[in-house]
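The file data35.json contains JSON, C-alpha atoms:
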[["chain", "number", "residue", "atom", "x", "y", "z"],
["P", 221, "MET", "CA", 165.96, 27.47, -242.18],
["P", 222, "THR", "CA", 163.53, 27.54, -245.09],
["P", 223, "ARG", "CA", 160.64, 29.92, -244.57],
["P", 224, "THR", "CA", 157.29, 28.12, -244.56],
["P", 225, "THR", "CA", 154.81, 30.87, -243.62],
["P", 226, "ILE", "CA", 154.13, 34.47, -244.58],
["P", 227, "GLU", "CA", 152.49, 37.10, -242.40],
["P", 228, "VAL", "CA", 149.55, 39.20, -243.55],
["P", 229, "GLU", "CA", 151.80, 42.25, -243.90],
["P", 230, "GLY", "CA", 154.16, 40.34, -246.19],
["P", 231, "LEU", "CA", 151.39, 39.19, -248.51],
["P", 232, "ARG", "CA", 149.84, 42.64, -248.45],
["P", 233, "ASP", "CA", 153.15, 44.17, -249.56],
["P", 234, "LEU", "CA", 153.58, 41.66, -252.40],
["P", 235, "LEU", "CA", 150.09, 42.40, -253.71],
["P", 236, "ASP", "CA", 150.44, 46.14, -253.17],
["P", 237, "GLN", "CA", 153.71, 46.22, -255.13],
["P", 238, "GLY", "CA", 152.34, 44.07, -257.94],
["P", 239, "GLN", "CA", 154.94, 41.34, -257.34],
["P", 240, "PRO", "CA", 154.35, 37.90, -258.90],
["P", 241, "VAL", "CA", 152.46, 35.82, -256.32],
["P", 242, "THR", "CA", 149.72, 33.20, -256.54],
["P", 243, "VAL", "CA", 147.20, 33.04, -253.69],
["P", 244, "LEU", "CA", 145.72, 29.53, -253.46],
["P", 245, "ASP", "CA", 142.45, 29.41, -251.51],
["P", 246, "ILE", "CA", 141.85, 25.83, -250.30],
["P", 247, "ARG", "CA", 138.70, 26.49, -248.26],
["P", 248, "ARG", "CA", 135.33, 24.95, -248.97],
["P", 249, "SER", "CA", 133.31, 26.80, -251.62],
["P", 250, "ALA", "CA", 130.71, 27.95, -249.10],
["P", 251, "GLU", "CA", 133.36, 29.68, -246.99],
["P", 252, "ARG", "CA", 134.97, 31.30, -250.02],
["P", 253, "ALA", "CA", 131.60, 32.60, -251.21],
["P", 254, "GLU", "CA", 131.39, 34.77, -248.10],
["P", 255, "TRP", "CA", 134.73, 36.52, -248.71],
["P", 256, "ALA", "CA", 137.96, 35.88, -250.58],
["P", 257, "ILE", "CA", 141.25, 37.56, -251.42],
["P", 258, "PRO", "CA", 140.87, 39.28, -254.82],
["P", 259, "GLY", "CA", 142.63, 37.41, -257.59],
["P", 260, "SER", "CA", 143.04, 34.23, -255.57],
["P", 261, "VAL", "CA", 142.78, 30.78, -257.17],
["P", 262, "HIS", "CA", 140.33, 28.36, -255.57],
["P", 263, "VAL", "CA", 140.80, 24.62, -255.25],
["P", 264, "GLU", "CA", 138.26, 22.47, -253.38],
["P", 265, "ALA", "CA", 140.87, 20.61, -251.35],
["P", 266, "TYR", "CA", 140.14, 21.36, -247.70],
["P", 267, "ASP", "CA", 138.58, 18.02, -246.79],
["P", 268, "ALA", "CA", 141.13, 15.98, -248.76],
["P", 269, "LEU", "CA", 144.03, 17.79, -247.08],
["P", 270, "ASN", "CA", 142.55, 17.21, -243.63],
["P", 271, "ALA", "CA", 142.11, 13.53, -244.51],
["P", 272, "ASP", "CA", 145.88, 13.34, -245.17],
["P", 273, "ASP", "CA", 145.37, 12.65, -248.86],
["P", 274, "PRO", "CA", 148.91, 13.01, -250.31],
["P", 275, "ASN", "CA", 147.42, 13.71, -253.74],
["P", 276, "ALA", "CA", 145.02, 16.44, -252.65],
["P", 277, "LEU", "CA", 146.84, 19.02, -254.80],
["P", 278, "ALA", "CA", 148.54, 16.69, -257.29],
["P", 279, "ASP", "CA", 146.55, 17.91, -260.27],
["P", 280, "VAL", "CA", 146.61, 21.61, -259.46],
["P", 281, "ASP", "CA", 148.30, 23.62, -262.22],
["P", 282, "LEU", "CA", 149.88, 26.80, -260.85],
["P", 283, "PRO", "CA", 152.36, 29.42, -262.14],
["P", 284, "ARG", "CA", 155.98, 28.80, -261.28],
["P", 285, "GLU", "CA", 156.84, 32.50, -261.16],
["P", 286, "GLY", "CA", 156.87, 33.87, -257.64],
["P", 287, "PRO", "CA", 155.64, 32.20, -254.47],
["P", 288, "VAL", "CA", 152.37, 30.35, -253.97],
["P", 289, "VAL", "CA", 150.61, 31.38, -250.77],
["P", 290, "ALA", "CA", 148.12, 28.79, -249.48],
["P", 291, "VAL", "CA", 145.17, 30.21, -247.56],
["P", 292, "CYS", "CA", 142.55, 28.60, -245.31],
["P", 293, "GLY", "CA", 140.36, 29.90, -242.52],
["P", 294, "ALA", "CA", 142.82, 29.97, -239.63],
["P", 295, "GLY", "CA", 146.20, 29.07, -241.15],
["P", 296, "LYS", "CA", 146.37, 25.40, -240.17],
["P", 297, "THR", "CA", 145.23, 23.34, -243.16],
["P", 298, "SER", "CA", 147.15, 25.71, -245.42],
["P", 299, "VAL", "CA", 150.36, 24.48, -243.75],
["P", 300, "ILE", "CA", 149.62, 20.99, -245.12],
["P", 301, "ALA", "CA", 148.85, 22.46, -248.54],
["P", 302, "ALA", "CA", 152.13, 24.39, -248.62],
["P", 303, "GLU", "CA", 154.06, 21.24, -247.65],
["P", 304, "GLN", "CA", 152.52, 19.27, -250.53],
["P", 305, "LEU", "CA", 153.27, 22.08, -252.98],
["P", 306, "ARG", "CA", 156.88, 22.37, -251.84],
["P", 307, "ALA", "CA", 157.24, 18.64, -252.42],
["P", 308, "ARG", "CA", 156.29, 19.35, -256.04],
["P", 309, "GLY", "CA", 158.97, 22.02, -256.32],
["P", 310, "PHE", "CA", 156.89, 25.13, -255.74],
["P", 311, "GLN", "CA", 158.04, 28.02, -253.56],
["P", 312, "ALA", "CA", 155.02, 27.60, -251.30],
["P", 313, "LEU", "CA", 154.07, 29.38, -248.09],
["P", 314, "SER", "CA", 151.13, 29.26, -245.70],
["P", 315, "LEU", "CA", 149.38, 32.51, -244.76],
["P", 316, "ALA", "CA", 149.80, 32.76, -240.99],
["P", 317, "GLY", "CA", 146.41, 33.14, -239.32],
["P", 318, "GLY", "CA", 144.53, 32.51, -242.56],
["P", 319, "MET", "CA", 141.50, 34.57, -243.56],
["P", 320, "LYS", "CA", 140.90, 35.47, -239.92],
["P", 321, "ALA", "CA", 144.20, 37.36, -239.92],
["P", 322, "TRP", "CA", 143.62, 38.69, -243.43],
["P", 323, "SER", "CA", 140.46, 40.44, -242.23],
["P", 324, "LEU", "CA", 142.72, 43.20, -240.87],
["P", 325, "ALA", "CA", 144.75, 43.69, -244.07],
["P", 326, "TRP", "CA", 144.51, 47.11, -245.70],
["P", 327, "ASN", "CA", 145.62, 49.19, -248.65],
["P", 328, "THR", "CA", 145.08, 52.73, -249.88],
["P", 329, "ALA", "CA", 143.99, 54.64, -252.94],
["P", 330, "GLU", "CA", 144.25, 58.31, -253.80],
["P", 331, "VAL", "CA", 140.72, 59.55, -254.47],
["P", 332, "GLU", "CA", 140.24, 61.35, -257.77],
["P", 333, "ILE", "CA", 138.14, 64.39, -256.93],
["P", 334, "PRO", "CA", 136.03, 66.59, -259.23],
["P", 335, "GLY", "CA", 137.81, 69.69, -260.47],
["P", 336, "THR", "CA", 141.27, 70.59, -259.22],
["P", 337, "GLU", "CA", 142.90, 70.22, -255.84],
["P", 338, "ALA", "CA", 142.58, 73.99, -255.47],
["P", 339, "ASP", "CA", 138.82, 73.72, -256.06],
["P", 340, "MET", "CA", 138.47, 70.98, -253.48],
["P", 341, "GLY", "CA", 140.84, 72.53, -250.99],
["P", 342, "ALA", "CA", 141.94, 69.10, -249.78],
["P", 343, "GLU", "CA", 143.33, 65.71, -250.68],
["P", 344, "ILE", "CA", 141.52, 62.47, -249.86],
["P", 345, "VAL", "CA", 143.10, 59.08, -249.22],
["P", 346, "GLN", "CA", 140.77, 56.06, -249.09],
["P", 347, "ILE", "CA", 141.94, 53.40, -246.63],
["P", 348, "ARG", "CA", 140.42, 50.02, -247.51],
["P", 349, "ARG", "CA", 140.16, 47.15, -245.07],
["P", 350, "THR", "CA", 140.46, 44.63, -247.87],
["P", 351, "GLY", "CA", 139.39, 41.60, -245.90],
["P", 352, "LYS", "CA", 135.99, 43.02, -244.94],
["P", 353, "GLY", "CA", 135.29, 45.84, -247.40],
["P", 354, "CYS", "CA", 135.31, 48.61, -244.77],
["P", 355, "LEU", "CA", 136.25, 51.99, -246.24],
["P", 356, "SER", "CA", 137.62, 54.90, -244.24],
["P", 357, "TYR", "CA", 139.05, 58.23, -245.29],
["P", 358, "LEU", "CA", 142.00, 60.48, -244.46],
["P", 359, "ILE", "CA", 141.40, 64.07, -245.51],
["P", 360, "GLY", "CA", 144.29, 66.51, -245.59],
["P", 361, "SER", "CA", 144.40, 70.25, -246.20],
["P", 362, "GLY", "CA", 147.41, 72.42, -245.49],
["P", 363, "SER", "CA", 149.08, 70.85, -242.47],
["P", 364, "GLU", "CA", 145.84, 69.51, -240.93],
["P", 365, "ALA", "CA", 143.90, 66.29, -241.41],
["P", 366, "ALA", "CA", 140.74, 64.47, -240.40],
["P", 367, "VAL", "CA", 139.74, 60.80, -240.45],
["P", 368, "ILE", "CA", 136.22, 59.51, -241.15],
["P", 369, "ASP", "CA", 135.05, 56.05, -240.00],
["P", 370, "ALA", "CA", 138.41, 54.71, -238.79],
["P", 371, "ALA", "CA", 138.39, 50.91, -239.14],
["P", 372, "VAL", "CA", 142.02, 49.72, -239.20],
["P", 373, "ASP", "CA", 144.90, 50.01, -236.74],
["P", 374, "PRO", "CA", 145.19, 53.66, -235.59],
["P", 375, "GLU", "CA", 148.91, 53.61, -236.38],
["P", 376, "VAL", "CA", 148.02, 53.25, -240.07],
["P", 377, "TYR", "CA", 146.30, 56.64, -240.13],
["P", 378, "LEU", "CA", 149.03, 58.29, -238.09],
["P", 379, "GLY", "CA", 151.71, 56.94, -240.43],
["P", 380, "LEU", "CA", 149.87, 57.96, -243.61],
["P", 381, "ALA", "CA", 149.30, 61.46, -242.24],
["P", 382, "GLU", "CA", 152.92, 61.84, -241.18],
["P", 383, "GLU", "CA", 154.12, 60.81, -244.66],
["P", 384, "ARG", "CA", 152.10, 63.69, -246.10],
["P", 385, "GLY", "CA", 153.05, 66.27, -243.49],
["P", 386, "TRP", "CA", 149.59, 66.36, -241.90],
["P", 387, "LYS", "CA", 148.56, 66.39, -238.26],
["P", 388, "ILE", "CA", 145.26, 64.65, -237.52],
["P", 389, "ILE", "CA", 143.08, 67.07, -235.53],
["P", 390, "HIS", "CA", 139.55, 65.72, -236.13],
["P", 391, "ILE", "CA", 138.14, 62.16, -235.99],
["P", 392, "LEU", "CA", 134.55, 61.58, -237.17],
["P", 393, "ASP", "CA", 132.17, 58.64, -237.39],
["P", 394, "THR", "CA", 129.14, 58.72, -239.66],
["P", 395, "HIS", "CA", 127.17, 56.51, -237.25],
["P", 396, "VAL", "CA", 127.62, 53.84, -234.61],
["P", 397, "HIS", "CA", 129.05, 50.86, -236.48],
["P", 398, "ALA", "CA", 127.57, 47.42, -235.84],
["P", 399, "ASP", "CA", 129.63, 45.41, -238.33],
["P", 400, "HIS", "CA", 133.17, 46.32, -237.31],
["P", 401, "LEU", "CA", 135.11, 47.70, -234.39],
["P", 402, "SER", "CA", 135.46, 51.45, -234.77],
["P", 403, "ARG", "CA", 139.02, 52.62, -234.09],
["P", 404, "SER", "CA", 137.97, 56.27, -233.86],
["P", 405, "GLY", "CA", 138.19, 56.58, -230.08],
["P", 406, "MET", "CA", 141.63, 54.98, -229.89],
["P", 407, "LEU", "CA", 142.86, 57.08, -232.81],
["P", 408, "ALA", "CA", 141.58, 60.28, -231.19],
["P", 409, "ASP", "CA", 143.48, 59.43, -228.00],
["P", 410, "LEU", "CA", 146.73, 58.66, -229.84],
["P", 411, "ALA", "CA", 146.51, 61.71, -232.10],
["P", 412, "GLY", "CA", 145.30, 64.11, -229.41],
["P", 413, "ALA", "CA", 142.40, 64.91, -231.75],
["P", 414, "GLY", "CA", 138.75, 65.74, -231.21],
["P", 415, "LEU", "CA", 136.26, 62.87, -231.54],
["P", 416, "TYR", "CA", 133.01, 63.81, -233.30],
["P", 417, "MET", "CA", 129.80, 61.80, -233.55],
["P", 418, "PRO", "CA", 126.30, 62.65, -234.77],
["P", 419, "GLU", "CA", 124.05, 64.19, -232.12],
["P", 420, "GLY", "CA", 122.24, 61.43, -230.22],
["P", 421, "ALA", "CA", 124.75, 58.69, -230.99],
["P", 422, "PRO", "CA", 124.05, 55.88, -228.46],
["P", 423, "VAL", "CA", 127.57, 55.45, -227.05],
["P", 424, "ALA", "CA", 128.92, 55.65, -223.51],
["P", 425, "TYR", "CA", 132.18, 57.51, -224.25],
["P", 426, "PRO", "CA", 132.49, 61.32, -224.56],
["P", 427, "PHE", "CA", 132.40, 63.03, -227.97],
["P", 428, "PHE", "CA", 131.66, 66.35, -229.62],
["P", 429, "ALA", "CA", 128.11, 66.17, -231.00],
["P", 430, "LEU", "CA", 127.37, 67.24, -234.58],
["P", 431, "ASP", "CA", 123.86, 68.28, -235.56],
["P", 432, "ASP", "CA", 122.45, 68.90, -239.00],
["P", 433, "GLY", "CA", 124.25, 71.79, -240.67],
["P", 434, "ASP", "CA", 127.20, 71.90, -238.27],
["P", 435, "GLU", "CA", 130.60, 72.37, -239.90],
["P", 436, "ILE", "CA", 134.16, 71.31, -239.11],
["P", 437, "ARG", "CA", 137.14, 72.97, -240.76],
["P", 438, "ILE", "CA", 140.36, 71.29, -241.87],
["P", 439, "SER", "CA", 142.50, 74.23, -242.95],
["P", 440, "ALA", "CA", 140.94, 75.32, -246.28],
["P", 441, "ALA", "CA", 138.41, 72.47, -246.37],
["P", 442, "ARG", "CA", 135.12, 72.23, -244.52],
["P", 443, "LEU", "CA", 132.94, 69.26, -243.64],
["P", 444, "LYS", "CA", 129.22, 69.96, -243.31],
["P", 445, "ALA", "CA", 127.04, 67.49, -241.41],
["P", 446, "LEU", "CA", 123.93, 66.35, -243.29],
["P", 447, "ARG", "CA", 121.59, 64.28, -241.18],
["P", 448, "THR", "CA", 120.69, 61.14, -243.19],
["P", 449, "PRO", "CA", 118.93, 58.73, -240.80],
["P", 450, "GLY", "CA", 117.44, 55.40, -241.80],
["P", 451, "HIS", "CA", 120.21, 52.84, -241.52],
["P", 452, "THR", "CA", 120.53, 54.06, -237.93],
["P", 453, "ALA", "CA", 118.70, 56.88, -236.21],
["P", 454, "GLU", "CA", 121.82, 59.05, -235.93],
["P", 455, "SER", "CA", 123.35, 58.33, -239.37],
["P", 456, "THR", "CA", 124.95, 61.48, -240.74],
["P", 457, "SER", "CA", 126.78, 62.13, -244.01],
["P", 458, "TYR", "CA", 129.54, 64.73, -244.35],
["P", 459, "LEU", "CA", 129.68, 67.03, -247.38],
["P", 460, "MET", "CA", 133.15, 68.37, -248.11],
["P", 461, "ASN", "CA", 133.28, 71.75, -249.84],
["P", 462, "GLY", "CA", 130.06, 70.87, -251.65],
["P", 463, "LYS", "CA", 131.89, 68.37, -253.87],
["P", 464, "ALA", "CA", 132.39, 65.05, -252.04],
["P", 465, "LEU", "CA", 129.92, 63.28, -249.76],
["P", 466, "PHE", "CA", 131.06, 60.76, -247.15],
["P", 467, "THR", "CA", 127.89, 58.66, -246.85],
["P", 468, "GLY", "CA", 128.85, 56.02, -244.28],
["P", 469, "ASP", "CA", 126.31, 53.21, -244.60],
["P", 470, "THR", "CA", 123.47, 55.36, -245.93],
["P", 471, "LEU", "CA", 124.34, 55.17, -249.63],
["P", 472, "PHE", "CA", 126.73, 52.78, -251.37],
["P", 473, "LEU", "CA", 127.80, 52.77, -255.03],
["P", 474, "SER", "CA", 125.23, 50.13, -256.02],
["P", 475, "ALA", "CA", 122.95, 49.82, -252.98],
["P", 476, "VAL", "CA", 121.59, 51.62, -249.92],
["P", 477, "GLY", "CA", 121.98, 50.97, -246.22],
["P", 478, "ARG", "CA", 119.82, 48.34, -244.57],
["P", 479, "PRO", "CA", 117.00, 49.69, -242.37],
["P", 480, "ASP", "CA", 115.99, 46.29, -240.99],
["P", 481, "LEU", "CA", 118.91, 45.44, -238.69],
["P", 482, "GLU", "CA", 117.89, 44.94, -235.05],
["P", 483, "ALA", "CA", 114.35, 46.10, -235.86],
["P", 484, "SER", "CA", 110.88, 44.56, -235.79],
["P", 485, "LEU", "CA", 108.98, 44.44, -239.07],
["P", 486, "ASP", "CA", 107.00, 47.57, -238.23],
["P", 487, "ARG", "CA", 110.11, 49.38, -237.06],
["P", 488, "ALA", "CA", 111.99, 48.33, -240.21],
["P", 489, "HIS", "CA", 109.18, 49.76, -242.35],
["P", 490, "GLU", "CA", 109.36, 53.05, -240.46],
["P", 491, "LYS", "CA", 113.16, 53.17, -240.80],
["P", 492, "ALA", "CA", 112.80, 52.46, -244.53],
["P", 493, "ARG", "CA", 110.49, 55.47, -244.90],
["P", 494, "VAL", "CA", 113.02, 57.62, -243.05],
["P", 495, "LEU", "CA", 115.84, 56.27, -245.22],
["P", 496, "HIS", "CA", 113.83, 57.11, -248.34],
["P", 497, "GLY", "CA", 113.66, 60.70, -247.15],
["P", 498, "SER", "CA", 117.40, 60.77, -246.50],
["P", 499, "LEU", "CA", 118.16, 59.40, -249.97],
["P", 500, "SER", "CA", 115.86, 62.00, -251.50],
["P", 501, "ARG", "CA", 117.88, 64.65, -249.70],
["P", 502, "VAL", "CA", 121.12, 63.24, -251.07],
["P", 503, "LEU", "CA", 119.66, 63.15, -254.59],
["P", 504, "GLY", "CA", 119.00, 66.87, -254.24],
["P", 505, "LEU", "CA", 122.73, 67.59, -254.16],
["P", 506, "ASP", "CA", 124.75, 68.50, -257.24],
["P", 507, "PRO", "CA", 124.73, 65.45, -259.57],
["P", 508, "GLU", "CA", 128.53, 65.76, -259.86],
["P", 509, "THR", "CA", 128.96, 65.15, -256.12],
["P", 510, "LEU", "CA", 131.44, 62.35, -255.48],
["P", 511, "VAL", "CA", 129.96, 59.57, -253.31],
["P", 512, "LEU", "CA", 132.44, 58.05, -250.83],
["P", 513, "PRO", "CA", 130.68, 55.24, -248.90],
["P", 514, "GLY", "CA", 131.69, 53.39, -245.76],
["P", 515, "HIS", "CA", 131.76, 49.94, -247.37],
["P", 516, "THR", "CA", 132.29, 48.20, -250.67],
["P", 517, "SER", "CA", 130.20, 45.18, -251.66],
["P", 518, "GLU", "CA", 133.17, 43.32, -253.14],
["P", 519, "PRO", "CA", 136.70, 42.61, -251.92],
["P", 520, "VAL", "CA", 139.03, 45.48, -252.81],
["P", 521, "SER", "CA", 141.83, 44.51, -255.16],
["P", 522, "PHE", "CA", 145.36, 45.87, -254.81],
["P", 523, "ASP", "CA", 145.14, 47.96, -257.96],
["P", 524, "GLY", "CA", 146.08, 51.38, -256.58]]

Output the structure of this file as structure tokens.
Amino acid sequence: MTRTTIEVEGLRDLLDQGQPVTVLDIRRSAERAEWAIPGSVHVEAYDALNADDPNALADVDLPREGPVVAVCGAGKTSVIAAEQLRARGFQALSLAGGMKAWSLAWNTAEVEIPGTEADMGAEIVQIRRTGKGCLSYLIGSGSEAAVIDAAVDPEVYLGLAEERGWKIIHILDTHVHADHLSRSGMLADLAGAGLYMPEGAPVAYPFFALDDGDEIRISAARLKALRTPGHTAESTSYLMNGKALFTGDTLFLSAVGRPDLEASLDRAHEKARVLHGSLSRVLGLDPETLVLPGHTSEPVSFDG
């Protein structure tokens, strides 16, 4: 039987391996503006496809090399698109579950760190939830590892650590996340690891509290807690061996964390003043410090 759909994992693997594939986004422009798969081609065809227009994609010019994967919001209209493309001779598939399913897709990148591995005392793997821009980190030193801001399936971290001969012993969050489901608690349970949160984190589950200046060791590496409130009251960054700073949602590469979420105007102003102080503290670190934030502002491409 001819295959007509592709799962998120299948598309992720094609993109990760650099295989020839064309992702055709058929959603309305407003939906695409919110988030899209990097490198995808957009055609404003959603309404025409749902109106059973047989020529909705008749004029679309696409590469013939490799499959075409049609994408919509939930994986229904894209089935119609794939059918029309197959009728034109394309190897066309529909992404099962659409962008809703894609929101859980992930890939990794080895982080280039200042100096040598010996200077850093650890390796860092960035795990990117490509559909939402959430960034988490696997840190390994010797045979031990830690995870910061876990955001994808816990099995991903366990598998990546096992491939590198590491055992995850510490799980940390930089703050209580409001924009995605933290997987830290579940990962800690599966790994038999300690779960660490900033002191005062407003959660109901048990954790080891980290206050300003506290340190956690991962074999030869050490993570030092630097209190950086403002985005949230408990927000804490983690400085690794004085060379890399995991900033959570306090500092991004081209922006800073929002202090106005779930806050009145007066409270937002106060949080902004606190955030300013935290950013001033970060600016006092070595200018060569590598900033590793908790989110990216753009979809993450599969470029390694």

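Within 8 Å of Trp326 (chain P), once only C-alpha atoms are used and residues closer than 3 positions along the same chain are dropped, the contacting residues are Arg232, Ile347, Arg348, Arg349, Thr350, Gly351 and Val372 of chain P.
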
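As for CA of Phe472 (chain P) and CA of Gly420 (chain P), they are spaced 23.3 Å apart.
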
**OP:** Using only C-alpha atoms, give me every residue within 7 Å of (153.5, 34.1, -244.6) in file coordinates, as JSON, numbers by chain.
**Re:** {"P": [225, 226, 227, 228, 230, 231, 313, 314, 315, 316]}

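The space between CA of Leu269 (chain P) and CA of Gly286 (chain P) spans 23.1 Å.
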
Subject >> Computed interatomic separation between CA of Phe427 (chain P) and CA of Gly362 (chain P) (Å) >> reply: 24.9 Å

**OP:** Can you pull out every residue within 9 Å of Arg501 (chain P), counting all atoms listed in the file, but drop anything in the same chain fewer than 4 positions away, and send it as a PyMOL selection string?
**Re:** chain P and resi 446+448+496-497+505

Kindly add N, CA and C atoms to the incomplete region 301-321 of chain P and provide the output as a PDB file, in the frame of the given file.
ATOM      1  N   ALA P 301     148.868  22.164-247.115  1.00  0.00           N
ATOM      2  CA  ALA P 301     148.850  22.460-248.540  1.00  0.00           C
ATOM      3  C   ALA P 301     150.220  22.950-249.017  1.00  0.00           C
ATOM      4  N   ALA P 302     150.825  23.852-248.247  1.00  0.00           N
ATOM      5  CA  ALA P 302     152.130  24.390-248.620  1.00  0.00           C
ATOM      6  C   ALA P 302     153.192  23.290-248.639  1.00  0.00           C
ATOM      7  N   GLU P 303     153.111  22.358-247.692  1.00  0.00           N
ATOM      8  CA  GLU P 303     154.060  21.240-247.650  1.00  0.00           C
ATOM      9  C   GLU P 303     153.948  20.399-248.916  1.00  0.00           C
ATOM     10  N   GLN P 304     152.712  20.087-249.333  1.00  0.00           N
ATOM     11  CA  GLN P 304     152.520  19.270-250.530  1.00  0.00           C
ATOM     12  C   GLN P 304     153.035  20.000-251.777  1.00  0.00           C
ATOM     13  N   LEU P 305     152.813  21.316-251.827  1.00  0.00           N
ATOM     14  CA  LEU P 305     153.270  22.080-252.980  1.00  0.00           C
ATOM     15  C   LEU P 305     154.787  22.182-253.025  1.00  0.00           C
ATOM     16  N   ARG P 306     155.412  22.339-251.864  1.00  0.00           N
ATOM     17  CA  ARG P 306     156.880  22.370-251.840  1.00  0.00           C
ATOM     18  C   ARG P 306     157.472  21.041-252.295  1.00  0.00           C
ATOM     19  N   ALA P 307     156.772  19.959-251.976  1.00  0.00           N
ATOM     20  CA  ALA P 307     157.240  18.640-252.420  1.00  0.00           C
ATOM     21  C   ALA P 307     157.199  18.523-253.938  1.00  0.00           C
ATOM     22  N   ARG P 308     156.376  19.335-254.573  1.00  0.00           N
ATOM     23  CA  ARG P 308     156.290  19.350-256.040  1.00  0.00           C
ATOM     24  C   ARG P 308     157.219  20.394-256.651  1.00  0.00           C
ATOM     25  N   GLY P 309     157.990  21.067-255.813  1.00  0.00           N
ATOM     26  CA  GLY P 309     158.970  22.020-256.320  1.00  0.00           C
ATOM     27  C   GLY P 309     158.535  23.461-256.336  1.00  0.00           C
ATOM     28  N   PHE P 310     157.352  23.744-255.794  1.00  0.00           N
ATOM     29  CA  PHE P 310     156.890  25.130-255.740  1.00  0.00           C
ATOM     30  C   PHE P 310     157.523  25.862-254.560  1.00  0.00           C
ATOM     31  N   GLN P 311     157.690  27.167-254.697  1.00  0.00           N
ATOM     32  CA  GLN P 311     158.040  28.020-253.560  1.00  0.00           C
ATOM     33  C   GLN P 311     156.719  28.330-252.866  1.00  0.00           C
ATOM     34  N   ALA P 312     156.351  27.516-251.895  1.00  0.00           N
ATOM     35  CA  ALA P 312     155.020  27.600-251.300  1.00  0.00           C
ATOM     36  C   ALA P 312     155.085  28.004-249.834  1.00  0.00           C
ATOM     37  N   LEU P 313     154.164  28.883-249.455  1.00  0.00           N
ATOM     38  CA  LEU P 313     154.070  29.380-248.090  1.00  0.00           C
ATOM     39  C   LEU P 313     152.639  29.292-247.612  1.00  0.00           C
ATOM     40  N   SER P 314     152.462  29.241-246.308  1.00  0.00           N
ATOM     41  CA  SER P 314     151.130  29.260-245.700  1.00  0.00           C
ATOM     42  C   SER P 314     150.889  30.645-245.110  1.00  0.00           C
ATOM     43  N   LEU P 315     149.705  31.214-245.342  1.00  0.00           N
ATOM     44  CA  LEU P 315     149.380  32.510-244.760  1.00  0.00           C
ATOM     45  C   LEU P 315     149.091  32.332-243.275  1.00  0.00           C
ATOM     46  N   ALA P 316     149.953  32.883-242.447  1.00  0.00           N
ATOM     47  CA  ALA P 316     149.800  32.760-240.990  1.00  0.00           C
ATOM     48  C   ALA P 316     148.481  33.392-240.542  1.00  0.00           C
ATOM     49  N   GLY P 317     147.687  32.618-239.821  1.00  0.00           N
ATOM     50  CA  GLY P 317     146.410  33.140-239.320  1.00  0.00           C
ATOM     51  C   GLY P 317     145.266  33.048-240.298  1.00  0.00           C
ATOM     52  N   GLY P 318     145.564  32.698-241.559  1.00  0.00           N
ATOM     53  CA  GLY P 318     144.530  32.510-242.560  1.00  0.00           C
ATOM     54  C   GLY P 318     143.654  33.736-242.797  1.00  0.00           C
ATOM     55  N   MET P 319     142.424  33.486-243.237  1.00  0.00           N
ATOM     56  CA  MET P 319     141.500  34.570-243.560  1.00  0.00           C
ATOM     57  C   MET P 319     141.118  35.371-242.314  1.00  0.00           C
ATOM     58  N   LYS P 320     141.186  34.734-241.156  1.00  0.00           N
ATOM     59  CA  LYS P 320     140.900  35.470-239.920  1.00  0.00           C
ATOM     60  C   LYS P 320     141.907  36.600-239.748  1.00  0.00           C
ATOM     61  N   ALA P 321     143.178  36.321-240.000  1.00  0.00           N
ATOM     62  CA  ALA P 321     144.200  37.360-239.920  1.00  0.00           C
ATOM     63  C   ALA P 321     144.071  38.344-241.074  1.00  0.00           C
TER      64      ALA P 321
END
